[in-house]
Amino acid sequence: MSNNQAAPIELGTESVGKLLKKYAVPGIIAMTASSLYNMVDSIFIGHIPGEGSLALSGLAVTFPLMNLSAALGTLVGVGASTLVSVLLGQRNYETANKVLANEISLNCIIGVIFAAVCLVFINPILMFFGASANTLPYAREYLQIILIGNVITHLYFGLNALIRSSGNPRLAMGLTLFTVISNTILDPIFIYVLGFGIRGAAIATVLCQAMALSYSLRYFAREETIPHLPKGIFALDWRIAKDSLAIGLGPFLMNAASCIVTLFINQQLLKFGGDLAIGAYGIANRINFMFIMVVMGFNQGMQPIAGYNFGARKYTRVKKVFKITALWASGICLLWFLSSELFPSALVGIFTNDPKLIDIADKGLRIMNPVVFLVGWQMVSTNFFQSLGMVSKSIFLSLSRQLLFLVPLLYILPSFWGVQGVFLSFPASDLLACVTTLVLIINLFRKFSKLQDGDEPTILGSQIKQ
């Protein structure tokens with residue numbers, strides 16, 4: 001039996017703690033590298049001589065549209081990786097192959113349509129998302145290149161998730177590290193040496209992802225890889241596509257909501273604080289994103305273990321992996337809280353040397369993060385529901401913090417505290433989301449307590465067919 005065949009089987013037999021370490025550590029390294037990947041562009045752009053502050057603000061304006069693009073990628077990729085984990089637990093390798101082919105076809109179709117529409121209407125879209133006459137040229141230059149490579153981005157991240165879910169987290173980590181290192185090397189060359197400015201950062205990003213994608217396609221083309229690409233044209237199987245999209249709907253709506261919320265944030269920041277306030281939020285968001293991605297790394301380690309054992313009806317192992325993951329994620333968020341409250345100036349100074357921008361970002365970071373130590377287990381819970389195919393709960397938790405809580409607060413609190421009210425909206429919505437999640441996760445574990453290993457999971461309301 002090959003290593004690729006043995007890897008899924010160990011998900012149901014090896015110690016849960018050892019498995020989480022094996023799968024989460026590469027995931028954490030990969031996701032931390034991914035956050036650094038995003039930070040690298042911001043750091044180099046922020047230090048462009050004479051225009052770094054406005055360029056950084058222009059980059060921040062592109063975040064909503066990039067979040068929407070990521071949302072469409074997760075709609076396909078997360079659903080496919082979850083299905084593959086469960087199918088491997090059921091030893092249904094033929095269907096897992098079809099899921100892989102479907103993911104490639106769907107990503108190509110969605111990616112091309114999205115990029116084409118956005119390129120045609122790029123100026124009005126960016127103005128709607130908070131660009132001013134000063135920041136629009138920078139935002140447009142960066143986003144045009146990113147949109148041209150949109151299909152590459154979708155396929156790279158989607159296949160990377162499938163590599164991890166199919167039992168090869170180290171390869172997934174290695175590909176992510178490759179993109180980070182190569183992007184760090186290429187960014188200064190394209191930005192400073194070749195004089196492409198902010199456009200150079202986008203070119204470097206797309207090139208690095210294209211190289212990683214080419215290796216991923218070669219990996220899945222091998223017949224000994226499970227799953228692997230079937231021969232022939234990748235015609236869509238609409239039944240598989242429906243199941244995959246249904247499972248990915250929760251993460252999609254979360255990222256789509258993030259796009260909408262970032263739009264509201266940018267508009268409020270522009271209204272109460274101007275272009276520099278948007279740039280300051282972009283810096284704070286990048287710093288927070290680094291810690292969020294570490295938690296997501298734990299979630300990625302948990303996902304194949306939870307999905308496989310749920311498919312194998314080993315509920316004791318499913319519950320155990322959740323508890324261990326939630327504990328470690330909470331520890332990361334405590335470190336996040338301490339860093340942002342004790343050393344904000346040092347963190348912000350990495351991105352810019354503009355005193356005004358540093359001052360706004362420093363204050364914003366302190367205000368945003370007083371309750372982030374509670375966020376870790378909430379993020380794990382949302383991912384846990386998604387890993388088990390509990391679409392409605394995953395969707396609700398994905399939307400509650402951003403749309404139900406954050407958006408109203410973004411328009412209430414600034415009326416009293418101006419630009420600081422925008423930043424205050426974040427801890428208030430975090431607290432409300434944690435309370436909501438606690439109610440749902442307690443109810444889920446009460447249902448789990450009624451199940452024995454091997455029982456039908458119908459009591460849990462999962463939408464993944466056994």
# chains A, B, ... in the order shown; residues from 1 in each chain; ligands from 1

call {"tool": "closest_atom_pairs", "arguments": {"of": "segment 389-447 of chain A", "to": "segment 260-283 of chain A", "cutoff": "8 Å", "atoms": "only C-alpha atoms", "output": "Markdown table"}}
result
| residue | atom | partner | partner_atom | distance |
| --- | --- | --- | --- | --- |
| A:Gln402 | CA | A:Val261 | CA | 6.6 |
| A:Leu403 | CA | A:Val261 | CA | 7.2 |
| A:Leu406 | CA | A:Val261 | CA | 7.7 |
| A:Val407 | CA | A:Val261 | CA | 6.4 |
| A:Leu410 | CA | A:Ile265 | CA | 7.1 |
| A:Tyr411 | CA | A:Gln268 | CA | 7.8 |
| A:Pro414 | CA | A:Phe272 | CA | 7.9 |
| A:Gly418 | CA | A:Phe272 | CA | 5.9 |
| A:Val419 | CA | A:Phe272 | CA | 5.2 |
| A:Val422 | CA | A:Leu269 | CA | 7.1 |

call {"tool": "closest_atom_pairs", "arguments": {"of": "segment 321-363 of chain A", "to": "segment 18-31 of chain A", "cutoff": "12 Å", "atoms": "only C-alpha atoms", "output": "CSV"}}
result
residue,atom,partner,partner_atom,distance
A:Val321,CA,A:Leu20,CA,7.2
A:Phe322,CA,A:Leu20,CA,9.9
A:Lys323,CA,A:Leu20,CA,11.1
A:Ile324,CA,A:Leu20,CA,8.3
A:Thr325,CA,A:Leu20,CA,7.8
A:Ala326,CA,A:Leu20,CA,11.6
A:Trp328,CA,A:Ala24,CA,10.4
A:Ala329,CA,A:Ile28,CA,10.7
A:Ile332,CA,A:Ile28,CA,11.0

call {"tool": "atom_distance", "arguments": {"atom1": "atom CA of Val84 of chain A", "atom2": "atom CA of His228 of chain A"}}
result
11.3 Å

call {"tool": "closest_residue", "arguments": {"among": "A:Tyr192, A:Phe448, A:Phe220, A:Phe63", "to": "Ile146 of chain A", "atoms": "only C-alpha atoms"}}
result
A:Phe63

call {"tool": "closest_residue", "arguments": {"among": "A:Tyr142, A:Asn150, A:Lys98, A:Glu14", "to": "Ala116 of chain A", "atoms": "only C-alpha atoms"}}
result
A:Asn150

call {"tool": "residues_around", "arguments": {"residues": "Asp354 of chain A", "least_positions_apart": "2", "cutoff": "10 Å", "atoms": "only C-alpha atoms", "output": "PyMOL selection string"}}
result
chain A and resi 46-47+52-53+276+349+351-352+356-359

call {"tool": "residues_around", "arguments": {"residues": "Ala256 of chain A", "least_positions_apart": "4", "cutoff": "10 Å", "atoms": "only C-alpha atoms", "output": "list in words"}}
result
Pro64, Leu65, Met66, Asn67, Leu68, Ser69, Ala70, Ala71, Leu72, Leu75, Gly250, Pro251, Phe252, Ile260, Val261, Thr262, Ser398 and Leu399 of chain A

call {"tool": "atom_distance", "arguments": {"atom1": "atom CA of Gly79 of chain A", "atom2": "atom CA of Gly174 of chain A"}}
result
22.6 Å

call {"tool": "closest_residue", "arguments": {"among": "A:Phe114, A:Phe384, A:Trp417, A:Phe196", "to": "Gly149 of chain A", "atoms": "only C-alpha atoms"}}
result
A:Phe114

call {"tool": "atom_distance", "arguments": {"atom1": "atom CA of Lys319 of chain A", "atom2": "atom CA of Met293 of chain A"}}
result
22.7 Å

call {"tool": "residues_around", "arguments": {"residues": "Ala306 of chain A", "least_positions_apart": "6", "cutoff": "10 Å", "atoms": "only C-alpha atoms", "output": "PyMOL selection string"}}
result
chain A and resi 11-12+16+82+85-86+299+312+314-315+317-322+384-385+387-388

call {"tool": "write_last_selection", "arguments": {"atoms": "C-alpha atoms", "output": "compact mmCIF listing (two decimals), in the first residue's frame"}}
result
# COMPACT_ATOMS: atom_id res chain seq x y z
CA LEU A 11 -7.07 9.41 10.36
CA GLY A 12 -9.34 6.81 11.93
CA VAL A 16 -6.16 12.13 17.90
CA THR A 82 -14.78 18.44 2.99
CA SER A 85 -12.32 13.87 3.57
CA VAL A 86 -15.67 12.16 4.18
CA ASN A 299 -8.85 24.39 11.78
CA ALA A 312 -16.49 6.49 9.68
CA LYS A 314 -16.32 7.42 15.18
CA TYR A 315 -17.93 10.17 17.22
CA ARG A 317 -12.72 10.88 18.06
CA VAL A 318 -14.75 13.67 16.44
CA LYS A 319 -15.51 15.26 19.82
CA LYS A 320 -11.96 14.87 21.03
CA VAL A 321 -10.38 16.62 18.05
CA PHE A 322 -12.74 19.57 18.52
CA PHE A 384 -16.33 22.26 13.10
CA PHE A 385 -19.92 22.60 11.92
CA SER A 387 -16.44 19.93 8.64
CA LEU A 388 -19.43 17.79 9.59

call {"tool": "residues_around", "arguments": {"residues": "Glu51 of chain A", "least_positions_apart": "2", "cutoff": "12 Å", "atoms": "only C-alpha atoms", "output": "VMD selection string"}}
result
chain A and resid 44 to 49 53 to 58 134 to 135 137 to 138 197 to 198 352 to 354

call {"tool": "residues_around", "arguments": {"residues": "Gln144 of chain A", "least_positions_apart": "2", "cutoff": "9 Å", "atoms": "only C-alpha atoms", "output": "PyMOL selection string"}}
result
chain A and resi 118-119+122+139-142+146-149+199+202

call {"tool": "write_last_selection", "arguments": {"atoms": "N, CA and C atoms", "output": "CSV table (one decimal), in the first residue's frame"}}
result
chain,number,residue,atom,x,y,z
A,118,CYS,N,-15.4,42.2,-13.3
A,118,CYS,CA,-14.8,43.2,-12.5
A,118,CYS,C,-13.8,44.0,-13.3
A,119,LEU,N,-13.2,43.5,-14.3
A,119,LEU,CA,-12.3,44.2,-15.2
A,119,LEU,C,-13.0,45.3,-16.0
A,122,ILE,N,-14.1,48.1,-13.3
A,122,ILE,CA,-13.2,48.2,-12.2
A,122,ILE,C,-13.2,49.6,-11.5
A,139,ALA,N,-5.1,51.5,-6.5
A,139,ALA,CA,-6.0,50.4,-6.3
A,139,ALA,C,-6.2,49.7,-7.7
A,140,ARG,N,-6.4,50.5,-8.7
A,140,ARG,CA,-6.6,50.0,-10.1
A,140,ARG,C,-5.4,49.2,-10.6
A,141,GLU,N,-4.2,49.8,-10.5
A,141,GLU,CA,-3.0,49.2,-11.0
A,141,GLU,C,-2.8,47.8,-10.3
A,142,TYR,N,-3.0,47.7,-9.0
A,142,TYR,CA,-2.8,46.4,-8.3
A,142,TYR,C,-3.9,45.4,-8.7
A,146,ILE,N,-4.2,41.3,-10.5
A,146,ILE,CA,-4.7,40.2,-9.7
A,146,ILE,C,-5.9,39.6,-10.4
A,147,LEU,N,-6.8,40.4,-11.0
A,147,LEU,CA,-8.0,39.8,-11.7
A,147,LEU,C,-7.6,39.0,-12.9
A,148,ILE,N,-6.5,39.5,-13.6
A,148,ILE,CA,-6.1,38.7,-14.8
A,148,ILE,C,-5.6,37.3,-14.4
A,149,GLY,N,-5.0,37.2,-13.2
A,149,GLY,CA,-4.6,35.9,-12.7
A,149,GLY,C,-5.6,35.2,-11.7
A,199,ARG,N,2.0,47.8,-9.0
A,199,ARG,CA,1.7,46.8,-10.1
A,199,ARG,C,2.7,45.6,-10.0
A,202,ALA,N,1.6,42.9,-7.6
A,202,ALA,CA,0.6,42.0,-8.1
A,202,ALA,C,1.2,41.0,-9.1

call {"tool": "closest_residue", "arguments": {"among": "A:Gly167, A:Gly376, A:Gly89, A:Gly200", "to": "Phe337 of chain A", "atoms": "only C-alpha atoms"}}
result
A:Gly376

call {"tool": "select_by_dssp", "arguments": {"residues": "segment 346-454 of chain A", "states": "helix (DSSP H, G or I)", "output": "number ranges by chain"}}
result
A: 346-348, 355-368, 372-387, 391-412, 414-417, 419-448
